[in-house]
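Working notes for the structure below.
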Amino acid sequence: MTQSALKSTALDIGFGTSKKTTCICRQVSFNLNKGELVCLLGRNGSGKSTLLKTLSKILPPLSGSIEIYEKNIKNVSSKELALLISVVLTEKTLETSLTVYETIALGRQPHTNWIGKLSNNDINHIEASMALTETKDLSNKLTHQLSDGQLQRVMIARALAQDTPVILLDEPTSHLDIHHKINTFRILSKICKKTQKTVLISTHEINLALKNSDRLLLIDQSELSIGKPNDTKIQKRLTTIFNSEDIRYDLNTNQFVF
């Protein structure tokens, strides 16, 4: 029996000031299961980043509710939220004087005491995260010495070391070459299978999403659809969102042709 990990109900997302509120997407309702890799797809400006920031409480929802393992995040503290959800954003905010090991160890902050001393359990989580993300050989390198692909694996490892049941990633492959794009998706799929964590990733890599995800979450014109890549309703929605003179969805191969 599948177990609900992340659930949104009648969620309106957007942003606003004291004078004006802009709603990007209305009545967003979905349920992500334990151990799923779900890819969030949509055109630029459709609300992908806004949704991820709302799910992680960086932005407040305009209305509706968000639950992680039946806990409404509205009622949890920042400290408790850091034990439930980890986030890898597009922006690079790393301290470049830290080594890879030190950077990944920062993921253990929600679990350490005020001194920040690492226990044997913390060290085990760090080492396991490095093994899953294939970053052990980078351990002593400074982060500014890394390639974009290596740095992204380190960021994923840091989120993994945080040991939350849910991980959100916003465009983690946007600056990577095709080799590192494929490798990133492979690692995320492996993480879901081996740790049973739920991973939600926003991406423009449509074909990689179709090949690697358990389900797709589609945003189009303020509406949301969710389903398996081979579901008829999802395939029809994909053609609506992305088909153009330069790109079309091929039903036979379940991929986009350029």
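Please note that chains go A, B, ... in the order of the structure tokens, that every chain numbers its residues from 1, and that ligands are numbered from 1 in the order shown.
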
| request: Could you give me the residues within stretch 40-199 of chain A that DSSP places in helix (DSSP H, G or I), as a PyMOL selection string? | output: chain A and resi 48-55+73-75+78-81+100-108+120-133+136-138+143-145+148-161+178-195

| task | Please identify all polymer residues within 10 Å of A:Thr103, counting only C-alpha atoms, omitting same-chain residues fewer than 3 positions from it, and present them as number ranges by chain. | result | A: 94-100, 106-108, 139, 142-143, 154-155, 157-158

| query | Which residue, A:Ser213, A:Ser8, A:Thr239, A:Thr54, has the smallest gap to A:Ile201 when you use only C-alpha atoms? | reply | A:Ser213

| message | Based on the backbone DSSP call, show me all residues of stretch 27-228 of chain A assigned strand (DSSP E), as a ChimeraX atom specification. | response | /A:27-33,37-41,63-68,71-72,85-88,166-170,198-202,215-220,223-227

Output N, CA and C atoms of each residue in that selection to a file, as a short mmCIF file (atom, residue, chain, number, x, y, z; two decimals), in the first residue's frame.
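Output contents, as saved in again-v4.cif:
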```cif
data_model
loop_
_atom_site.label_atom_id
_atom_site.label_comp_id
_atom_site.auth_asym_id
_atom_site.auth_seq_id
_atom_site.Cartn_x
_atom_site.Cartn_y
_atom_site.Cartn_z
N GLN A 27 -6.18 26.27 -7.02
CA GLN A 27 -6.75 24.97 -6.66
C GLN A 27 -5.81 23.80 -7.00
N VAL A 28 -4.55 23.95 -6.60
CA VAL A 28 -3.56 22.91 -6.84
C VAL A 28 -3.74 21.80 -5.81
N SER A 29 -4.13 20.62 -6.25
CA SER A 29 -4.32 19.48 -5.35
C SER A 29 -3.61 18.27 -5.93
N PHE A 30 -2.70 17.69 -5.17
CA PHE A 30 -2.02 16.47 -5.59
C PHE A 30 -1.50 15.74 -4.37
N ASN A 31 -1.10 14.50 -4.59
CA ASN A 31 -0.62 13.64 -3.50
C ASN A 31 0.59 12.86 -4.02
N LEU A 32 1.77 13.12 -3.46
CA LEU A 32 2.98 12.40 -3.86
C LEU A 32 3.26 11.29 -2.86
N ASN A 33 3.65 10.13 -3.37
CA ASN A 33 3.83 8.96 -2.55
C ASN A 33 5.27 8.79 -2.07
N LEU A 37 9.82 9.50 -7.60
CA LEU A 37 10.49 10.59 -8.30
C LEU A 37 9.46 11.23 -9.22
N VAL A 38 9.11 12.47 -8.93
CA VAL A 38 8.09 13.18 -9.69
C VAL A 38 8.72 14.41 -10.34
N CYS A 39 8.50 14.57 -11.64
CA CYS A 39 9.05 15.71 -12.37
C CYS A 39 7.96 16.74 -12.63
N LEU A 40 8.28 17.99 -12.31
CA LEU A 40 7.37 19.12 -12.49
C LEU A 40 7.72 19.81 -13.80
N LEU A 41 6.77 19.80 -14.74
CA LEU A 41 6.99 20.37 -16.06
C LEU A 41 6.01 21.49 -16.35
N SER A 63 -3.91 30.43 -0.37
CA SER A 63 -4.96 29.69 0.33
C SER A 63 -4.67 28.20 0.17
N GLY A 64 -5.40 27.37 0.90
CA GLY A 64 -5.20 25.94 0.82
C GLY A 64 -4.21 25.43 1.85
N SER A 65 -3.88 24.13 1.75
CA SER A 65 -3.02 23.52 2.76
C SER A 65 -1.97 22.61 2.13
N ILE A 66 -0.87 22.41 2.86
CA ILE A 66 0.22 21.53 2.45
C ILE A 66 0.54 20.62 3.63
N GLU A 67 0.62 19.32 3.37
CA GLU A 67 0.92 18.36 4.42
C GLU A 67 2.11 17.49 4.02
N ILE A 68 3.00 17.25 4.96
CA ILE A 68 4.10 16.31 4.79
C ILE A 68 3.91 15.21 5.82
N LYS A 71 1.39 16.10 8.41
CA LYS A 71 1.64 17.29 9.23
C LYS A 71 1.44 18.53 8.37
N ASN A 72 0.53 19.39 8.77
CA ASN A 72 0.30 20.64 8.05
C ASN A 72 1.48 21.57 8.32
N ILE A 85 11.66 18.46 5.18
CA ILE A 85 11.83 18.79 3.77
C ILE A 85 13.16 19.49 3.55
N SER A 86 13.89 19.10 2.51
CA SER A 86 15.13 19.78 2.13
C SER A 86 14.97 20.30 0.70
N VAL A 87 15.68 21.38 0.40
CA VAL A 87 15.47 22.10 -0.85
C VAL A 87 16.81 22.37 -1.53
N VAL A 88 16.87 22.13 -2.84
CA VAL A 88 18.02 22.51 -3.65
C VAL A 88 17.52 23.51 -4.68
N VAL A 166 11.29 14.25 2.30
CA VAL A 166 10.94 14.89 1.03
C VAL A 166 12.10 15.81 0.61
N ILE A 167 12.47 15.73 -0.67
CA ILE A 167 13.50 16.61 -1.24
C ILE A 167 12.91 17.32 -2.46
N LEU A 168 13.06 18.65 -2.50
CA LEU A 168 12.60 19.44 -3.64
C LEU A 168 13.82 20.02 -4.36
N LEU A 169 13.80 19.98 -5.69
CA LEU A 169 14.90 20.52 -6.48
C LEU A 169 14.34 21.40 -7.59
N ASP A 170 14.90 22.60 -7.72
CA ASP A 170 14.45 23.55 -8.72
C ASP A 170 15.49 23.65 -9.83
N THR A 198 10.95 10.88 -1.12
CA THR A 198 10.15 11.41 -2.20
C THR A 198 10.87 12.63 -2.79
N VAL A 199 11.10 12.61 -4.10
CA VAL A 199 11.83 13.69 -4.77
C VAL A 199 10.92 14.34 -5.80
N LEU A 200 10.79 15.67 -5.67
CA LEU A 200 10.03 16.46 -6.65
C LEU A 200 11.02 17.43 -7.30
N ILE A 201 11.14 17.35 -8.62
CA ILE A 201 12.13 18.14 -9.34
C ILE A 201 11.46 18.92 -10.46
N SER A 202 11.66 20.23 -10.50
CA SER A 202 11.20 21.01 -11.64
C SER A 202 12.30 20.98 -12.69
N ARG A 215 6.06 9.69 -11.96
CA ARG A 215 4.89 10.45 -12.42
C ARG A 215 5.33 11.84 -12.83
N LEU A 216 4.48 12.50 -13.62
CA LEU A 216 4.71 13.88 -14.04
C LEU A 216 3.67 14.78 -13.40
N LEU A 217 4.10 15.96 -13.00
CA LEU A 217 3.22 17.00 -12.48
C LEU A 217 3.29 18.15 -13.48
N LEU A 218 2.19 18.40 -14.19
CA LEU A 218 2.18 19.38 -15.27
C LEU A 218 1.41 20.63 -14.88
N ILE A 219 2.03 21.79 -15.11
CA ILE A 219 1.35 23.07 -14.90
C ILE A 219 1.16 23.75 -16.24
N ASP A 220 -0.08 24.14 -16.53
CA ASP A 220 -0.37 24.81 -17.79
C ASP A 220 -1.58 25.72 -17.61
N GLU A 223 -3.55 25.59 -14.48
CA GLU A 223 -4.14 24.29 -14.16
C GLU A 223 -3.05 23.25 -13.96
N LEU A 224 -3.37 22.24 -13.18
CA LEU A 224 -2.38 21.21 -12.86
C LEU A 224 -2.92 19.83 -13.19
N SER A 225 -2.03 18.97 -13.74
CA SER A 225 -2.37 17.57 -14.00
C SER A 225 -1.25 16.70 -13.45
N ILE A 226 -1.59 15.50 -12.98
CA ILE A 226 -0.58 14.58 -12.48
C ILE A 226 -0.90 13.17 -12.95
N GLY A 227 0.12 12.44 -13.33
CA GLY A 227 -0.09 11.06 -13.78
C GLY A 227 1.20 10.45 -14.28
#
```

| field | A:Gly35 environment, 10 Å, only C-alpha atoms, sequence neighbours closer than 4 positions dropped, as a PyMOL selection string | value | chain A and resi 2-5+165-166+189+191-199+214

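Residue nearest A:Cys25, chosen from A:Leu89, A:Leu55, A:Ala161, A:Leu62 and counting only C-alpha atoms: A:Leu62.
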